[in-house]
Structure formats: structure tokens, C-alpha cells
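Take a look at the structure set out below.
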Amino acid sequence: MLERTSIFRHSRWDALSLAVIPFQVGCFVSFAVSFPGLSPLALAALVPALFALSLQSSGANHNHYHTAIFRVRWLNAAARIGFSMVGGPKTPHNIGHGLHHATNRSWNGTSVLRIIGLNRPLHKQLLAFGIFLLESFGLKHVVLLILLRHWPADKLAATVAPEEHELATRVFRKLKERGTLRAAQLDIAAWVSFRILLCAIDWRFFLFYFVPVQFCIDTLRQAENYVQHWGATDPEDPRRDSVSCYGKLYNWLTFNLGYHQEHHYRPGAHWLQLPRIREELPLDRRQVPLTHYTNLPLFFPSLATELQARVTSEPVAVTRTRQ
């Protein structure tokens, strides 16, 4: 299935990933134009559709980052800017994702509620939404770009991400590089411009529907690394340190993003090759049905109890009592 051409580096099937950009532009513009005539029921039904679009954009960009679509550099840059427009600024995201691959971390003792912030007091959650509202107009990214020019990376990391100081410092150091900073500026400009367009079409759609829904989606998407790794059979083994999901609809939508163990085992493999890599992995690695978002302690209470007991070195019965 890998049919290289003079344009496509790996496969002409990557045109499907590229088609995500105009498809999603059309969807978002259509939603904004149709907003005044949509019923509350229709607006509620669109929420899972917007979440699906978020997953689709993430899968397409993820594959483009690891296995660039085009042979020509400027075309790959244009694709990255397009994915930034409909999803979010990709250069900062891609840097963090690259560091994720370089970091060996177990998620088995981490609370998903802490990751997505649902264990915070109500006033802090409301404050987070207020900050997100400002971020929706790109103010956060503009301020960060300004601070990057004047502050050392470690000082900026200590200010904006004290809980992930080391990781944030590495990201900011990479962003301060001239070529990388320029790429981030273009990504942010594309992302902000498209949001301004949606706001110009219907500011009520943008403020009272798009932003709140995106806040909920972004909150849930923060758990992505968690659901892709929680319960891994052996966090120290590169063939068992992640969790795969073989739901057909999920992988069709996300360009095989469900083959996560396969991807971690061979991160340079093209998304069309991942199903074949499945045969190289041991059968005792963890798999979940339908989608990675089913991989939560809520749905696997026995495993959650077992993992918590391992982390705390307490008897399983004591852990059950606490839960």
C-alpha cells in the first residue's frame, strides 16, 4: 500500500490525511453559518462530532510529524500550518510529542482526574475557563512568544509550568531556536486567523458555543497520554509499555492512531504499516476495545485496584477499602 510518487514521500494514501484540512475548514465554517438556525438538540448532537474532528486532526498531524507527507520541505511546512489552523499550533505540540517519545514514564500511578483538572475546586475550574477564553484569541501564545525573546527558557518554564519544569524548559529551549520559532509563529498566526474568521461569521457561535465546547474537548484530550499508557503490561519494555486499541471506526477516523504500542515500538513506521507490526508484538500486552478513551480506571476497577496496590505497596484489600 506504500506507493511513493514524485510528490508523496511514503504513499499517495497520505492525500487522505491532507484532505482533513479542507474538510474541517468546511465543517467549521458550515457550523458557524448554520448556527442561528440550529436547535438546542442539534447543537448538543454536534458536540461528539466536534470531538471526532479533534481526534481526526490529531491523528493526521501526528502521522505527518513522524512520517512527513511530501518530499518537498515547503509543502510539508504548508501542511503543518494547515493542521495548525484547524487543530492548534503544531510546532510547540510536536516538540512536546517528540520529548514524550524520548521519555520513559509510567502512567499507572497517576490520577486522570488530576491530569484533566476535575479534582480542582469549582472556582479554580471557572478560572481555568476564563483563561481558556483569553487563550482562544491567541493571547497566551502571543505572550509566550514575547517572553521567549526576553526570558531564559528555565525562568519561563518555572513561571508557566512549575509542575513540569524540566520538560517545559526543554520545549522552550527548542522553541527559542530561530527556525523553530519562525515555524511556531506561522502556526500560531494560522490558528488565530481561522478563529477570527469563525468569529467574523458569527461571534455568538464562537463565544457561546465553539469556545465552551472546545474547552470541554481540550480538557478531555489532556488525558490522551494517560489513556494510551495506563495499565500497560510493563512500562519498562518497549513492546509492552503502551496500550493499543483496534476499534475499526476509531482507527479509520484517526489514521490508525489506535495502534499505539506498534507506534511506540517503531515510531518511524508509516501509519499504513502499523497493522503489520502488530504481529511482531507479544500477546500479553494490554489492549482495549473501541477507543483509547475506554481505558479509564472507571471501566477497569479490578486493574485499577491492582495497579494502585503496586504503586503504594499496600495490600489489595486496603486499596479496595479506600476506593
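The chains in the C-alpha cells are called A, B, ... from first to last as shown; in each chain the residues are counted from 1, and the ligands are counted from 1 in the order shown.
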Do a neighbour search on Phe23 in chain A at 12 Å with only C-alpha atoms, toss out local chain neighbours closer than 4 positions, and write the hits as a compact mmCIF listing (two decimals) with N, CA and C atoms, in the first residue's frame.
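Generated file (out06.txt):
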```txt
# COMPACT_ATOMS: atom_id res chain seq x y z
N LEU A 16 -5.31 11.42 1.87
CA LEU A 16 -6.47 11.38 2.77
C LEU A 16 -6.20 12.21 4.02
N SER A 17 -4.98 12.10 4.57
CA SER A 17 -4.63 12.91 5.73
C SER A 17 -4.66 14.39 5.37
N LEU A 18 -4.13 14.72 4.22
CA LEU A 18 -4.10 16.11 3.78
C LEU A 18 -5.51 16.65 3.57
N ALA A 19 -6.43 15.80 3.12
CA ALA A 19 -7.81 16.23 2.88
C ALA A 19 -8.53 16.63 4.15
N CYS A 27 -16.31 22.12 7.48
CA CYS A 27 -17.20 21.76 8.60
C CYS A 27 -17.38 22.93 9.56
N PHE A 28 -16.26 23.53 9.99
CA PHE A 28 -16.34 24.61 10.97
C PHE A 28 -17.05 25.84 10.40
N VAL A 29 -16.77 26.17 9.16
CA VAL A 29 -17.44 27.31 8.53
C VAL A 29 -18.93 27.03 8.40
N SER A 30 -19.29 25.80 8.02
CA SER A 30 -20.71 25.43 7.91
C SER A 30 -21.41 25.52 9.25
N LEU A 53 -13.79 15.38 15.13
CA LEU A 53 -12.93 16.20 14.28
C LEU A 53 -11.59 16.48 14.95
N GLN A 56 -9.53 13.40 14.61
CA GLN A 56 -9.11 13.23 13.23
C GLN A 56 -7.93 14.13 12.90
N SER A 57 -8.02 15.40 13.30
CA SER A 57 -6.94 16.35 13.06
C SER A 57 -5.67 15.91 13.79
N GLY A 82 -1.48 24.16 7.88
CA GLY A 82 -2.89 23.81 7.70
C GLY A 82 -3.45 23.05 8.88
N PHE A 83 -2.70 22.07 9.37
CA PHE A 83 -3.14 21.32 10.55
C PHE A 83 -3.22 22.24 11.78
N VAL A 86 -6.68 24.27 11.77
CA VAL A 86 -7.91 23.59 12.18
C VAL A 86 -7.80 22.89 13.53
```
Which residues come within 12 Å of Leu296 in chain A, counting only C-alpha atoms, excluding same-chain residues fewer than 5 positions away, as a list in words?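 After dropping sequence-adjacent residues, the list is Trp107, Asn108, Thr110, Ser111, Val112, Leu113, Leu220, Ala223, Glu224, Asn225, Tyr226, Val227, Gln228, His229, Trp230, Gly231, Val243, Val288, Pro289, Thr291, Pro301, Ser302, Leu303 and Ala304 of chain A.
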Which parts of range 177-251 of chain A does DSSP call alpha helix (DSSP H) when run on the backbone here, written out as a ChimeraX atom specification? /A:178-201,203-205,211-221,224-227,248-251
Export of prior selection with C-alpha atoms as a tab-separated table (two decimals), in the first residue's frame:
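In the end it all went to selection_19.tsv:
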```tsv
chain	number	residue	atom	x	y	z
A	178	ARG	CA	15.46	30.65	15.15
A	179	GLY	CA	13.93	28.29	12.59
A	180	THR	CA	11.67	26.63	15.14
A	181	LEU	CA	10.46	29.97	16.49
A	182	ARG	CA	9.58	31.11	12.98
A	183	ALA	CA	7.62	27.91	12.37
A	184	ALA	CA	5.73	28.40	15.66
A	185	GLN	CA	4.89	31.99	14.71
A	186	LEU	CA	3.41	30.84	11.39
A	187	ASP	CA	1.41	28.08	13.10
A	188	ILE	CA	0.01	30.48	15.68
A	189	ALA	CA	-0.84	33.07	13.01
A	190	ALA	CA	-2.79	30.45	11.03
A	191	TRP	CA	-4.61	29.22	14.14
A	192	VAL	CA	-5.59	32.73	15.28
A	193	SER	CA	-6.61	33.84	11.77
A	194	PHE	CA	-9.03	30.94	11.36
A	195	ARG	CA	-10.61	31.66	14.73
A	196	ILE	CA	-11.00	35.29	13.79
A	197	LEU	CA	-12.76	34.12	10.63
A	198	LEU	CA	-15.20	31.99	12.65
A	199	CYS	CA	-15.81	34.92	14.98
A	200	ALA	CA	-16.47	37.21	11.99
A	201	ILE	CA	-19.01	34.77	10.55
A	203	TRP	CA	-19.43	35.91	17.05
A	204	ARG	CA	-22.21	34.29	19.08
A	205	PHE	CA	-21.29	30.89	17.65
A	211	VAL	CA	-15.22	28.16	22.84
A	212	PRO	CA	-17.11	26.31	25.64
A	213	VAL	CA	-17.24	23.10	23.60
A	214	GLN	CA	-13.55	23.35	22.73
A	215	PHE	CA	-12.78	23.89	26.42
A	216	CYS	CA	-14.52	20.61	27.26
A	217	ILE	CA	-12.84	18.80	24.37
A	218	ASP	CA	-9.39	20.15	25.24
A	219	THR	CA	-9.92	19.19	28.88
A	220	LEU	CA	-10.75	15.62	27.89
A	221	ARG	CA	-7.92	15.47	25.35
A	224	GLU	CA	-4.65	11.34	25.87
A	225	ASN	CA	-1.20	10.22	27.07
A	226	TYR	CA	-2.88	8.70	30.11
A	227	VAL	CA	-5.40	6.58	28.19
A	248	LYS	CA	-12.18	-0.11	13.34
A	249	LEU	CA	-14.12	3.16	13.46
A	250	TYR	CA	-11.56	4.74	15.82
A	251	ASN	CA	-8.62	3.79	13.61
```
What does the distance from CA of Tyr65 in chain A to CA of Thr169 in chain A come to in Å, to one decimal? 21.3 Å
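From CA of Ser58 in chain A back to CA of Trp13 in chain A, the distance works out to 17.1 Å.
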Atom pair CA of Asn119 in chain A / CA of Pro297 in chain A: separation (Å):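 Atom-to-atom, CA of Asn119 in chain A to CA of Pro297 in chain A, that is 15.3 Å.
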Could you check the closest approach to Glu166 in chain A for each of A:Phe210, A:Thr103, A:Arg114, A:Pro92 and tell me which residue wins, using only C-alpha atoms?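 Going through A:Phe210, A:Thr103, A:Arg114, A:Pro92 one by one, the smallest distance to Glu166 in chain A is for A:Thr103.
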